[in-house]
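Data from my_file38.txt: compact mmCIF, C-alpha atoms
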```txt
# COMPACT_ATOMS: atom_id res chain seq x y z
CA MET A 1 81.36 137.39 90.98
CA ASP A 2 82.89 134.51 88.99
CA GLN A 3 86.39 135.24 87.84
CA ASP A 4 88.55 133.62 85.26
CA PRO A 5 90.88 131.03 86.85
CA LYS A 6 93.88 132.83 85.40
CA GLU A 7 92.75 136.13 86.93
CA ARG A 8 92.29 134.42 90.30
CA LEU A 9 95.76 132.95 90.12
CA LEU A 10 97.72 135.95 88.98
CA LEU A 11 98.56 138.70 91.38
CA PRO A 12 98.11 142.33 90.26
CA PRO A 13 101.27 143.61 88.55
CA ARG A 14 103.54 145.69 90.70
CA ALA A 15 103.28 149.20 89.39
CA ALA A 16 106.49 150.34 91.02
CA ALA A 17 108.58 147.68 89.33
CA ASN A 18 109.22 149.81 86.21
CA GLY A 19 108.15 153.17 87.49
CA PRO A 20 110.25 156.30 87.10
CA ASN A 21 110.63 156.77 90.85
CA ARG A 22 112.08 153.33 91.45
CA ARG A 23 115.49 153.46 93.02
CA GLY A 24 117.78 150.55 92.54
CA LYS A 25 119.88 149.44 95.49
CA PRO A 26 123.01 147.46 94.81
CA THR A 27 123.01 144.03 96.26
CA THR A 28 125.58 143.74 98.99
CA PRO A 29 127.29 140.38 98.88
CA VAL A 30 127.62 138.61 102.18
CA CYS A 31 130.96 136.88 102.36
CA GLY A 32 131.81 133.99 104.59
CA GLY A 33 134.76 134.21 106.93
CA GLY A 34 136.26 137.19 108.71
CA GLY A 35 135.87 140.80 107.74
CA GLY A 36 137.84 142.38 104.96
CA GLY A 37 139.06 139.14 103.47
CA GLY A 38 138.52 138.46 99.80
CA GLY A 39 138.52 134.69 100.05
CA GLY A 40 134.90 134.21 101.10
CA VAL A 41 132.10 132.95 98.87
CA ALA A 42 129.58 135.65 97.94
CA ILE A 43 125.95 134.80 98.73
CA ASP A 44 123.22 136.82 97.03
CA VAL A 45 120.80 137.01 99.95
CA HIS A 46 118.47 139.36 98.11
CA GLY A 47 118.27 136.98 95.16
CA LEU A 48 117.55 134.01 97.40
CA LYS A 49 114.82 135.94 99.19
CA LYS A 50 113.30 136.99 95.90
CA ARG A 51 113.32 133.40 94.62
CA GLY A 52 111.92 132.01 97.85
CA GLY A 53 108.97 134.38 98.24
CA GLY A 54 108.43 135.77 94.75
CA ARG A 55 106.52 134.51 91.79
CA ARG A 56 107.25 131.21 90.20
CA SER A 57 106.58 129.86 86.76
CA TRP A 58 103.86 127.23 86.56
CA VAL A 59 102.19 125.34 83.72
CA ARG A 60 98.44 125.28 84.22
CA VAL A 61 96.41 122.44 82.64
CA ASP A 62 92.65 122.90 82.57
CA ALA A 63 90.60 119.87 83.58
CA ALA A 64 87.69 120.58 81.23
CA THR A 65 89.50 121.41 77.99
CA GLY A 66 93.01 120.09 78.57
CA ALA A 67 94.45 123.42 77.47
CA SER A 68 97.77 124.44 79.00
CA GLU A 69 99.22 127.86 79.63
CA ALA A 70 102.23 129.29 81.41
CA VAL A 71 101.38 131.43 84.42
CA GLU A 72 103.36 133.11 87.15
CA VAL A 73 101.92 132.70 90.62
CA ALA A 74 103.19 133.88 93.98
CA LYS A 75 103.22 131.57 96.96
CA PRO A 76 100.79 133.73 99.05
CA ALA A 77 98.26 133.63 96.21
CA LEU A 78 98.35 129.85 96.10
CA MET A 79 98.04 129.62 99.86
CA ARG A 80 94.96 131.85 99.91
CA ARG A 81 93.26 130.27 96.92
CA LEU A 82 93.82 126.61 97.76
CA ASP A 83 93.89 126.84 101.57
CA LEU A 84 97.33 125.25 101.66
CA PRO A 85 99.80 125.81 104.49
CA ALA A 86 103.25 127.13 103.72
CA ARG A 87 104.90 123.82 104.66
CA ASP A 88 103.05 122.06 101.82
CA LEU A 89 104.32 124.54 99.24
CA ARG A 90 107.78 124.27 100.73
CA LEU A 91 107.82 120.65 99.57
CA LEU A 92 107.65 121.91 95.99
CA ASP A 93 110.31 124.59 96.37
CA PRO A 94 113.44 123.74 94.33
CA LEU A 95 115.54 125.69 96.84
CA PHE A 96 114.93 122.90 99.37
CA VAL A 97 115.72 119.22 98.99
CA TYR A 98 112.76 117.19 100.17
CA PRO A 99 112.00 113.52 99.51
CA SER A 100 109.01 112.42 97.47
CA ALA A 101 105.62 113.08 99.03
CA ILE A 102 101.92 112.87 98.15
CA LEU A 103 99.65 114.96 100.37
CA GLY A 104 95.86 114.98 100.17
CA ARG A 105 94.28 118.22 101.35
CA GLU A 106 90.75 119.61 101.44
CA ARG A 107 90.90 121.29 98.03
CA ALA A 108 94.12 120.01 96.45
CA VAL A 109 96.61 117.19 96.18
CA VAL A 110 100.25 118.20 96.55
CA CYS A 111 102.70 115.95 94.69
CA ASN A 112 106.47 115.97 94.85
CA LEU A 113 107.52 112.97 92.78
CA GLU A 114 111.11 113.22 91.58
CA ARG A 115 111.16 115.84 88.78
CA ILE A 116 107.37 116.40 88.83
CA ARG A 117 106.24 118.98 91.40
CA CYS A 118 102.58 119.81 90.98
CA ILE A 119 99.38 120.86 92.72
CA ILE A 120 96.24 119.07 91.52
CA THR A 121 92.73 120.36 92.11
CA ALA A 122 89.35 119.30 90.77
CA ASP A 123 89.53 121.97 88.04
CA GLU A 124 93.18 122.23 87.09
CA ALA A 125 96.74 121.03 87.59
CA LEU A 126 99.60 123.41 88.32
CA VAL A 127 103.02 121.99 87.42
CA LEU A 128 106.07 123.84 88.72
CA ARG A 129 108.55 124.84 86.06
CA ASP A 130 111.89 126.15 87.31
CA PRO A 131 114.70 126.16 84.73
CA ASP A 132 117.15 127.57 87.32
CA ALA A 133 116.95 124.47 89.54
CA ASP A 134 119.50 121.66 89.52
CA GLY A 135 119.17 119.69 86.31
CA GLY A 136 116.97 122.45 84.91
CA ALA A 137 117.05 121.29 81.29
CA ALA A 138 116.13 117.70 82.14
CA ALA A 139 113.46 118.85 84.62
CA ASP A 140 111.97 121.18 81.98
CA VAL A 141 111.79 118.30 79.51
CA ALA A 142 110.11 116.16 82.17
CA VAL A 143 107.51 118.88 82.80
CA ARG A 144 106.72 119.16 79.09
CA MET A 145 106.38 115.39 78.79
CA TYR A 146 104.08 115.33 81.82
CA VAL A 147 101.86 118.09 80.39
CA ASP A 148 101.72 116.45 76.95
CA GLU A 149 100.80 113.06 78.43
CA LEU A 150 98.15 114.61 80.68
CA GLN A 151 96.61 116.44 77.74
CA ARG A 152 96.62 113.29 75.65
CA ARG A 153 94.82 111.32 78.35
CA LEU A 154 92.26 114.06 78.85
CA VAL A 155 91.50 114.09 75.13
CA ASP A 156 91.39 110.27 74.84
CA ARG A 157 89.66 109.69 78.15
CA ALA A 158 88.10 106.24 77.99
CA ASP A 159 87.07 105.74 81.62
CA ASP A 160 85.28 107.73 84.27
CA LEU A 161 88.34 108.58 86.36
CA PRO A 162 88.12 112.05 87.84
CA PHE A 163 90.66 114.61 86.74
CA GLU A 164 92.71 114.51 89.93
CA PHE A 165 93.25 110.76 89.58
CA ILE A 166 94.32 111.11 85.95
CA ALA A 167 96.84 113.81 86.87
CA LEU A 168 98.08 111.78 89.82
CA GLU A 169 98.42 108.67 87.65
CA VAL A 170 100.49 110.53 85.07
CA ALA A 171 102.75 111.87 87.84
CA LEU A 172 103.19 108.40 89.35
CA GLU A 173 103.89 106.92 85.93
CA ALA A 174 106.50 109.58 85.20
CA ALA A 175 108.23 109.06 88.55
CA CYS A 176 108.18 105.25 88.33
CA SER A 177 109.43 105.28 84.74
CA PHE A 178 112.22 107.71 85.61
CA LEU A 179 113.38 105.65 88.59
CA ASP A 180 113.14 102.39 86.67
CA ALA A 181 115.18 103.87 83.81
CA GLN A 182 117.87 104.91 86.28
CA ALA A 183 117.83 101.42 87.80
CA VAL A 184 118.24 99.81 84.36
CA GLU A 185 121.10 102.19 83.55
CA LEU A 186 122.78 101.35 86.85
CA GLU A 187 122.39 97.62 86.18
CA ALA A 188 123.92 97.98 82.72
CA GLU A 189 126.94 99.68 84.27
CA ALA A 190 127.26 97.49 87.34
CA TYR A 191 127.11 93.90 86.13
CA PRO A 192 129.96 94.09 83.55
CA LEU A 193 132.11 95.95 86.08
CA LEU A 194 131.48 93.36 88.78
CA ASP A 195 132.22 90.50 86.38
CA GLU A 196 135.47 92.20 85.45
CA LEU A 197 136.37 92.60 89.10
CA THR A 198 135.66 88.94 89.68
CA ALA A 199 138.10 87.99 86.90
CA LYS A 200 140.79 90.56 87.72
CA ILE A 201 141.08 92.96 90.62
CA SER A 202 142.36 96.46 89.84
CA THR A 203 142.48 99.72 91.75
CA LEU A 204 140.60 101.62 89.03
CA ASP A 205 137.75 99.10 88.95
CA LEU A 206 137.53 99.14 92.74
CA GLU A 207 137.14 102.93 92.71
CA ARG A 208 134.45 102.68 90.03
CA ALA A 209 132.65 100.05 92.10
CA ARG A 210 132.77 102.31 95.17
CA ARG A 211 131.18 105.21 93.27
CA LEU A 212 128.60 102.88 91.75
CA LYS A 213 127.61 101.59 95.17
CA SER A 214 127.12 105.17 96.41
CA LYS A 215 124.80 105.84 93.47
CA LEU A 216 122.95 102.61 94.19
CA VAL A 217 122.38 103.53 97.84
CA ALA A 218 121.06 107.00 96.89
CA LEU A 219 118.74 105.60 94.20
CA THR A 220 117.46 102.88 96.52
CA ARG A 221 116.61 105.49 99.14
CA ARG A 222 114.59 107.49 96.59
CA VAL A 223 112.74 104.44 95.30
CA GLN A 224 112.02 103.31 98.85
CA LYS A 225 110.55 106.72 99.68
CA VAL A 226 108.15 106.64 96.71
CA ARG A 227 107.13 103.10 97.63
CA ASP A 228 106.53 104.10 101.26
CA GLU A 229 104.38 107.06 100.20
CA ILE A 230 102.17 104.86 98.01
CA GLU A 231 101.93 102.20 100.70
CA GLN A 232 101.02 104.77 103.33
CA LEU A 233 98.20 106.08 101.15
CA MET A 234 96.90 102.58 100.52
CA ASP A 235 96.89 101.78 104.24
CA ASP A 236 94.89 104.89 105.23
CA ASP A 237 91.31 105.10 103.94
CA GLY A 238 90.96 108.64 105.26
CA ASP A 239 93.90 109.91 103.20
CA MET A 240 92.50 108.28 100.08
CA ALA A 241 89.07 109.78 100.77
CA GLU A 242 90.66 113.23 101.02
CA MET A 243 91.88 112.88 97.44
CA TYR A 244 88.36 112.62 95.93
CA LEU A 245 88.37 116.31 95.05
CA THR A 246 85.79 116.19 92.25
CA GLU A 247 83.26 114.30 94.34
CA LYS A 248 83.81 116.59 97.31
CA LYS A 249 83.30 119.59 95.07
CA MET A 250 80.07 118.18 93.61
CA ARG A 251 78.70 117.35 97.06
CA MET A 252 79.58 120.77 98.36
CA GLU A 253 77.84 122.44 95.43
CA ALA A 254 74.78 120.23 95.94
CA SER A 255 74.74 121.08 99.63
CA LEU A 256 74.91 124.80 98.87
CA LEU A 257 72.06 124.46 96.36
CA ASP A 258 69.94 122.66 98.97
CA GLU A 259 70.54 125.38 101.52
CA GLN A 260 69.72 128.09 99.00
CA GLY A 261 66.54 126.23 98.04
CA LEU A 262 65.48 125.93 101.69
CA GLN A 263 66.13 129.60 102.25
CA GLY A 264 64.10 130.46 99.16
CA ILE A 265 61.17 128.35 100.41
CA GLY A 266 61.31 130.10 103.77
CA ASN A 267 61.27 133.52 102.18
CA ASN A 268 58.31 132.60 99.99
CA VAL A 269 56.25 131.25 102.90
CA PHE A 270 56.97 133.86 105.55
CA GLY A 271 57.24 136.78 103.19
CA SER A 272 59.86 139.46 102.92
CA SER A 273 58.65 141.28 106.08
CA TYR A 274 59.65 138.36 108.29
CA SER A 275 63.05 139.09 109.81
CA ALA A 276 63.32 137.03 113.01
CA PRO A 277 64.84 133.56 112.65
CA VAL A 278 62.74 130.57 113.45
CA SER A 279 63.98 128.47 116.36
CA LEU A 280 64.08 124.86 115.27
CA SER A 281 64.53 123.46 118.73
CA ALA A 282 61.92 125.47 120.72
CA PRO A 283 58.49 123.89 121.12
CA VAL A 284 55.73 125.35 119.02
CA SER A 285 52.20 125.72 120.34
CA PRO A 286 49.56 124.40 117.95
CA ALA A 287 47.19 127.17 119.02
CA SER A 288 49.61 130.00 118.20
CA SER A 289 51.21 128.64 115.01
CA PRO A 290 49.53 128.07 111.68
CA PRO A 291 49.62 124.57 110.25
CA ALA A 292 51.79 125.67 107.29
CA SER A 293 54.47 127.03 109.62
CA ARG A 294 54.61 123.80 111.57
CA ARG A 295 55.00 121.78 108.40
CA LEU A 296 57.73 124.10 107.17
CA GLU A 297 59.58 123.85 110.47
CA LYS A 298 59.49 120.07 110.25
CA GLN A 299 60.87 120.25 106.72
CA PHE A 300 63.64 122.59 107.90
CA SER A 301 64.53 120.29 110.78
CA PHE A 302 64.55 117.22 108.58
CA ALA A 303 66.75 118.90 105.94
CA ARG A 304 69.19 120.22 108.56
CA SER A 305 69.48 116.86 110.24
CA ARG A 306 70.18 115.19 106.91
CA HIS A 307 72.84 117.80 106.12
CA ASP A 308 74.55 117.31 109.49
CA SER A 309 74.54 113.54 109.17
CA PHE A 310 75.98 113.90 105.67
CA LYS A 311 78.83 116.06 106.95
CA SER A 312 79.64 113.70 109.79
CA SER A 313 79.81 110.62 107.59
CA GLU A 314 81.25 112.30 104.52
CA SER A 315 84.67 110.67 104.80
CA SER A 316 83.23 107.17 104.91
CA GLN A 317 80.90 107.52 101.90
CA TYR A 318 83.61 107.60 99.22
CA ASN A 319 84.27 104.50 97.23
CA ILE A 320 88.04 104.29 97.57
CA GLU A 321 88.42 101.06 95.60
CA GLU A 322 89.08 103.00 92.40
CA LEU A 323 91.96 104.97 93.86
CA GLU A 324 93.26 101.94 95.74
CA MET A 325 93.49 99.91 92.52
CA LEU A 326 95.33 102.77 90.82
CA LEU A 327 97.83 103.07 93.66
CA GLU A 328 98.24 99.31 93.84
CA ALA A 329 99.23 99.13 90.17
CA TYR A 330 102.05 101.62 90.62
CA PHE A 331 103.00 100.08 93.95
CA VAL A 332 103.71 96.85 92.06
CA VAL A 333 105.82 98.78 89.52
CA ILE A 334 107.91 100.63 92.11
CA ASP A 335 108.25 97.49 94.21
CA TYR A 336 109.63 95.66 91.17
CA THR A 337 112.19 98.46 90.71
CA LEU A 338 113.11 98.22 94.38
CA ASN A 339 113.56 94.46 94.06
CA LYS A 340 115.91 94.97 91.12
CA LEU A 341 118.00 97.41 93.13
CA THR A 342 117.98 95.06 96.11
CA SER A 343 119.18 92.18 93.92
CA LEU A 344 121.90 94.40 92.51
CA LYS A 345 122.98 95.38 96.01
CA GLU A 346 123.13 91.73 97.04
CA TYR A 347 125.23 90.95 93.96
CA ILE A 348 127.58 93.80 94.84
CA ASP A 349 127.84 92.53 98.41
CA ASP A 350 128.63 89.03 97.16
CA THR A 351 131.27 90.45 94.83
CA GLU A 352 132.76 92.42 97.70
CA ASP A 353 132.93 89.27 99.79
CA PHE A 354 134.62 87.44 96.93
CA ILE A 355 137.12 90.27 96.46
CA ASN A 356 137.84 90.36 100.18
CA ILE A 357 138.46 86.61 100.14
CA GLN A 358 140.80 86.99 97.17
CA LEU A 359 142.65 89.83 98.87
CA ASP A 360 142.92 87.79 102.05
CA ASN A 361 144.37 84.91 100.03
CA VAL A 362 146.91 87.20 98.43
CA ARG A 363 147.76 88.65 101.83
CA ASN A 364 148.19 85.17 103.28
CA GLN A 365 150.42 84.16 100.39
CA LEU A 366 152.60 87.20 100.98
CA ILE A 367 152.85 86.34 104.67
CA GLN A 368 153.79 82.75 103.81
CA PHE A 369 156.41 83.92 101.37
CA GLU A 370 157.82 86.31 103.94
CA LEU A 371 157.99 83.52 106.52
CA LEU A 372 159.81 81.21 104.09
CA LEU A 373 162.20 83.99 103.15
CA THR A 374 162.92 84.73 106.81
CA THR A 375 163.61 81.04 107.50
CA ALA A 376 165.93 80.75 104.51
CA THR A 377 167.73 83.92 105.60
CA PHE A 378 168.28 82.43 109.04
CA VAL A 379 169.83 79.26 107.59
CA VAL A 380 172.02 81.20 105.19
CA ALA A 381 173.13 83.43 108.06
CA ILE A 382 174.40 80.34 109.95
CA PHE A 383 176.31 79.25 106.85
CA GLY A 384 177.73 82.75 106.52
CA VAL A 385 178.90 82.82 110.14
CA VAL A 386 180.87 79.58 109.68
CA SER A 387 182.36 80.81 106.45
CA GLY A 388 183.31 84.06 108.12
CA VAL A 389 185.10 82.24 110.94
CA PHE A 390 187.24 80.31 108.45
CA GLY A 391 187.97 83.52 106.66
CA MET A 392 189.89 84.83 109.67
CA ASN A 393 193.70 84.63 109.72
CA PHE A 394 194.28 82.42 112.78
CA GLU A 395 197.86 81.07 112.68
CA ASP A 396 197.94 79.10 115.97
CA VAL A 397 194.77 77.07 115.40
CA GLY A 398 195.55 73.59 114.20
CA VAL A 399 192.36 72.90 112.36
CA PHE A 400 193.27 75.47 109.74
CA LYS A 401 196.38 73.45 108.88
CA VAL A 402 194.46 70.21 108.26
CA PRO A 403 194.05 69.50 104.53
CA HIS A 404 190.51 69.82 103.15
CA ALA A 405 189.22 70.99 106.58
CA PHE A 406 187.51 74.03 105.08
CA GLU A 407 185.66 71.95 102.47
CA TRP A 408 184.42 69.45 105.05
CA THR A 409 183.30 72.29 107.30
CA LEU A 410 181.25 73.80 104.47
CA VAL A 411 179.63 70.46 103.68
CA ILE A 412 178.73 69.79 107.30
CA THR A 413 177.42 73.34 107.73
CA GLY A 414 175.27 73.01 104.60
CA VAL A 415 173.80 69.71 105.73
CA CYS A 416 173.03 71.16 109.18
CA GLY A 417 171.40 74.19 107.57
CA ALA A 418 169.22 71.98 105.37
CA VAL A 419 168.20 69.92 108.38
CA ILE A 420 167.35 73.06 110.35
CA PHE A 421 165.35 74.43 107.40
CA ALA A 422 163.43 71.13 107.05
CA CYS A 423 162.71 71.07 110.77
CA LEU A 424 161.35 74.61 110.63
CA LEU A 425 159.11 73.74 107.68
CA TRP A 426 157.82 70.70 109.55
CA TYR A 427 157.09 72.90 112.54
CA PHE A 428 155.21 75.45 110.40
CA LYS A 429 153.18 72.66 108.81
CA LYS A 430 152.33 71.18 112.19
CA ARG A 431 151.21 74.56 113.51
CA ARG A 432 149.26 75.15 110.27
CA PHE A 433 150.82 78.48 109.55
CA PHE A 434 150.36 77.71 105.85
CA PRO A 435 149.59 74.59 103.79
CA LEU A 436 152.60 72.92 102.30
```
Mind turning the file's structure into structure tokens?
Amino acid sequence: MDQDPKERLLLPPRAAANGPNRRGKPTTPVCGGGGGGGGGVAIDVHGLKKRGGGRRSWVRVDAATGASEAVEVAKPALMRRLDLPARDLRLLDPLFVYPSAILGRERAVVCNLERIRCIITADEALVLRDPDADGGAAADVAVRMYVDELQRRLVDRADDLPFEFIALEVALEAACSFLDAQAVELEAEAYPLLDELTAKISTLDLERARRLKSKLVALTRRVQKVRDEIEQLMDDDGDMAEMYLTEKKMRMEASLLDEQGLQGIGNNVFGSSYSAPVSLSAPVSPASSPPASRRLEKQFSFARSRHDSFKSSESSQYNIEELEMLLEAYFVVIDYTLNKLTSLKEYIDDTEDFINIQLDNVRNQLIQFELLLTTATFVVAIFGVVSGVFGMNFEDVGVFKVPHAFEWTLVITGVCGAVIFACLLWYFKKRRFFPL
């Protein structure tokens, strides 16, 4: 009855895939827009359907030996074997963009932590490997590093952590290290740029700062999601108890052995000819029942009651301190990364405020200069009007015949213009249009 884990995972090969009677149908591209037009974007619906529901490449790491192998598993096979709903596997699908999540289920832990998408059981870890996804080369390198680190820790295991906690710890470490490395890279790019903007404002640096802030907001959202997932697990004892897969498996096996042992005792006492089940709740007459049967019934009742009480209090019997300490360690790490990003965001906001103040000052200086220029233009216009009047050829006006009349008129007009200009400046200073 026992099958090899690889045989349980792999589906039977499709015989018709390479058969002689297979007929290939050309894929009809579905184009967006109206009919007949050639400007639409072709969408390979058949390819998307095949990727969404077909087999995927996984790296399987055995819990006992640490050996790894590449397997191809279909989504329905995983759902049947691990009792996982389709929505849990959808979190791991590279076709969809889902935030980080850690889900504890009855027989598995589903992890979607940045580039590590895996399913962890008490016996093995299945790590999704999809080179066709976005950033396929980097994601493939991350998967290999995760597998190598998990194998190294299984070989050099120095504590009594169960396999699922070791695999989860490696995934958390990979995600936290990746996010922290991106935060450090963002800091190395941001601080010199912001210092340069503080010294000299340029359009190119402002555009770089805008793109950098967009990257910062996206990275902060991802870090915040990982932090929230860890915090949510730490706050819920039931979710942490669900993740003790090895202990649940051992208790289930012990429970099955107890039931088989009780059934074997019943068969030995009553014999193989006994076929009717014994009612454990009906009263038994001492006159009609042998003493051995009554003792056996009491043993059955006591064992069943212990089994029921075990099942009802199973979730509260796990010692979750071990998992809580593990999660708390990585919560501190991811919280430190989030604090760095928050400090960087505050520095960017302060720099933006400084730049806005500088731009406001420049704008105010331009307005002041424009006001001064307008005032000077008004005074010069008065001087020009007087000069234009004396430029006319009036023969009957006596003032034009007075010697040096034109020079005195220019002097008086200039003095009046200067007085008007000074009065306007005094008025602007009194109204505090600009400091003078």
(request) Determine the nearest neighbour of Val61 of chain A from the options A:Thr377, A:Gln151, A:Ser177, A:Asn319, counting only C-alpha atoms. (result)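 Closest candidate: A:Gln151.
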(message) So the first atom is atom CA of Ile420 of chain A and the second is atom CA of Asn364 of chain A; what is the distance between them in Å, to one decimal place?
(response) 23.7 Å
(message) Just checking: using all atoms listed in the file, which residue out of A:Asp235, A:Glu346, A:Glu69, A:Asp353 ends up closest to Tyr191 of chain A?
(response) A:Glu346
(request) May I ask for the distance between atom CA of Asn339 of chain A and atom CA of Leu219 of chain A, given in Å to one decimal place? (result)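 If I compute the distance from atom CA of Asn339 of chain A to atom CA of Leu219 of chain A, I get 12.3 Å.
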(message) Restricting the calculation to all atoms listed in the file: of A:Ser255, A:Gln365, A:Gln182, A:Ser387, which residue gets closest to Ala405 of chain A?
(response)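 Among the listed residues, A:Ser387 lies closest to Ala405 of chain A.
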(message) List as a PyMOL selection string the protein and nucleic acid residues near Ala142 of chain A, meaning an atom at most 9 Å away when all atoms listed in the file are counted, but skip any in the same chain fewer than 4 places from it.
(response) chain A and resi 115-116+137-138+146-147+174
Write out the residues from the selection above, keeping C-alpha atoms, as a short mmCIF file (atom, residue, chain, number, x, y, z; two decimals), in the frame of the given file.
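Result written to again34.cif:
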```cif
data_model
loop_
_atom_site.label_atom_id
_atom_site.label_comp_id
_atom_site.auth_asym_id
_atom_site.auth_seq_id
_atom_site.Cartn_x
_atom_site.Cartn_y
_atom_site.Cartn_z
CA ARG A 115 111.16 115.84 88.78
CA ILE A 116 107.37 116.40 88.83
CA ALA A 137 117.05 121.29 81.29
CA ALA A 138 116.13 117.70 82.14
CA TYR A 146 104.08 115.33 81.82
CA VAL A 147 101.86 118.09 80.39
CA ALA A 174 106.50 109.58 85.20
#
```
(request) Give me the residues within 8 Å of Phe354 of chain A as an MDAnalysis selection string, counting only C-alpha atoms and dropping any in the same chain fewer than 4 places off. (result) chainID A and resid 198 350 358
(request) Could you give me, as a ChimeraX atom specification, the residues that have an atom at most 12 Å away from the point (97.2, 126.7, 97.2) in the coordinates of the file, using all atoms listed in the file? (result) /A:8-9,73-90,92,105-110,118-121,124-126
(request) Pick out the closest residue to Tyr244 of chain A from this set: A:Ala70, A:Val362, A:Ile320, A:Val332. Count all atoms listed in the file. (result) A:Ile320
Listed atoms of segment 193-201 of chain A boxed along x, y and z, 6 Å each side, centre and edge lengths in Å, one decimal, as JSON:
```
{"center_x": 136.3, "center_y": 92.0, "center_z": 88.0, "size_x": 21.6, "size_y": 20.0, "size_z": 17.2}
```
Which residues come within 12 Å of Leu150 of chain A, counting only C-alpha atoms, excluding same-chain residues fewer than 3 positions away, as a short mmCIF file (atom, residue, chain, number, x, y, z; two decimals) with C-alpha atoms, keeping the file's coordinate frame?
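As a result, around-v5.cif now contains:
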```
data_model
loop_
_atom_site.label_atom_id
_atom_site.label_comp_id
_atom_site.auth_asym_id
_atom_site.auth_seq_id
_atom_site.Cartn_x
_atom_site.Cartn_y
_atom_site.Cartn_z
CA VAL A 59 102.19 125.34 83.72
CA ARG A 60 98.44 125.28 84.22
CA VAL A 61 96.41 122.44 82.64
CA ASP A 62 92.65 122.90 82.57
CA ALA A 63 90.60 119.87 83.58
CA THR A 65 89.50 121.41 77.99
CA GLY A 66 93.01 120.09 78.57
CA ALA A 67 94.45 123.42 77.47
CA SER A 68 97.77 124.44 79.00
CA ILE A 120 96.24 119.07 91.52
CA GLU A 124 93.18 122.23 87.09
CA ALA A 125 96.74 121.03 87.59
CA LEU A 126 99.60 123.41 88.32
CA VAL A 127 103.02 121.99 87.42
CA VAL A 143 107.51 118.88 82.80
CA ARG A 144 106.72 119.16 79.09
CA MET A 145 106.38 115.39 78.79
CA TYR A 146 104.08 115.33 81.82
CA VAL A 147 101.86 118.09 80.39
CA ARG A 153 94.82 111.32 78.35
CA LEU A 154 92.26 114.06 78.85
CA VAL A 155 91.50 114.09 75.13
CA ASP A 156 91.39 110.27 74.84
CA ARG A 157 89.66 109.69 78.15
CA PHE A 163 90.66 114.61 86.74
CA GLU A 164 92.71 114.51 89.93
CA PHE A 165 93.25 110.76 89.58
CA ILE A 166 94.32 111.11 85.95
CA ALA A 167 96.84 113.81 86.87
CA LEU A 168 98.08 111.78 89.82
CA GLU A 169 98.42 108.67 87.65
CA VAL A 170 100.49 110.53 85.07
CA ALA A 171 102.75 111.87 87.84
CA LEU A 172 103.19 108.40 89.35
CA GLU A 173 103.89 106.92 85.93
CA ALA A 174 106.50 109.58 85.20
#
```
(request) Compile the contact shell of Val97 of chain A as number ranges by chain: residues with an atom at most 12 Å away, counting all atoms listed in the file, same-chain residues fewer than 3 positions apart removed. (result) A: 90-94, 100-101, 112, 114-115, 133-134
(request) Work out how far apart atom CA of Phe331 of chain A and atom CA of Glu189 of chain A are and give it in Å to one decimal. (result)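 Here the two named atoms are 25.8 Å from each other.
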(request) Counting all atoms listed in the file, find the residues whose atoms lie at most 12 Å from (96.5, 101.6, 95.6) (file coordinates) and write them out as a PyMOL selection string. (result) chain A and resi 165+168-169+172+227-237+239-240+320-334
(request) Go through A:Asp335, A:Ser57, A:Lys225, A:Lys200 one by one, measure the shortest atom-to-atom distance of each to Asp140 of chain A using only C-alpha atoms, and give the residue with the smallest value. (result) A:Ser57
(message) Please determine, counting all atoms listed in the file, which residue among A:Val386, A:Met252, A:Val419, A:Leu194 has the shortest atom-to-atom distance to Ile348 of chain A.
(response) A:Leu194
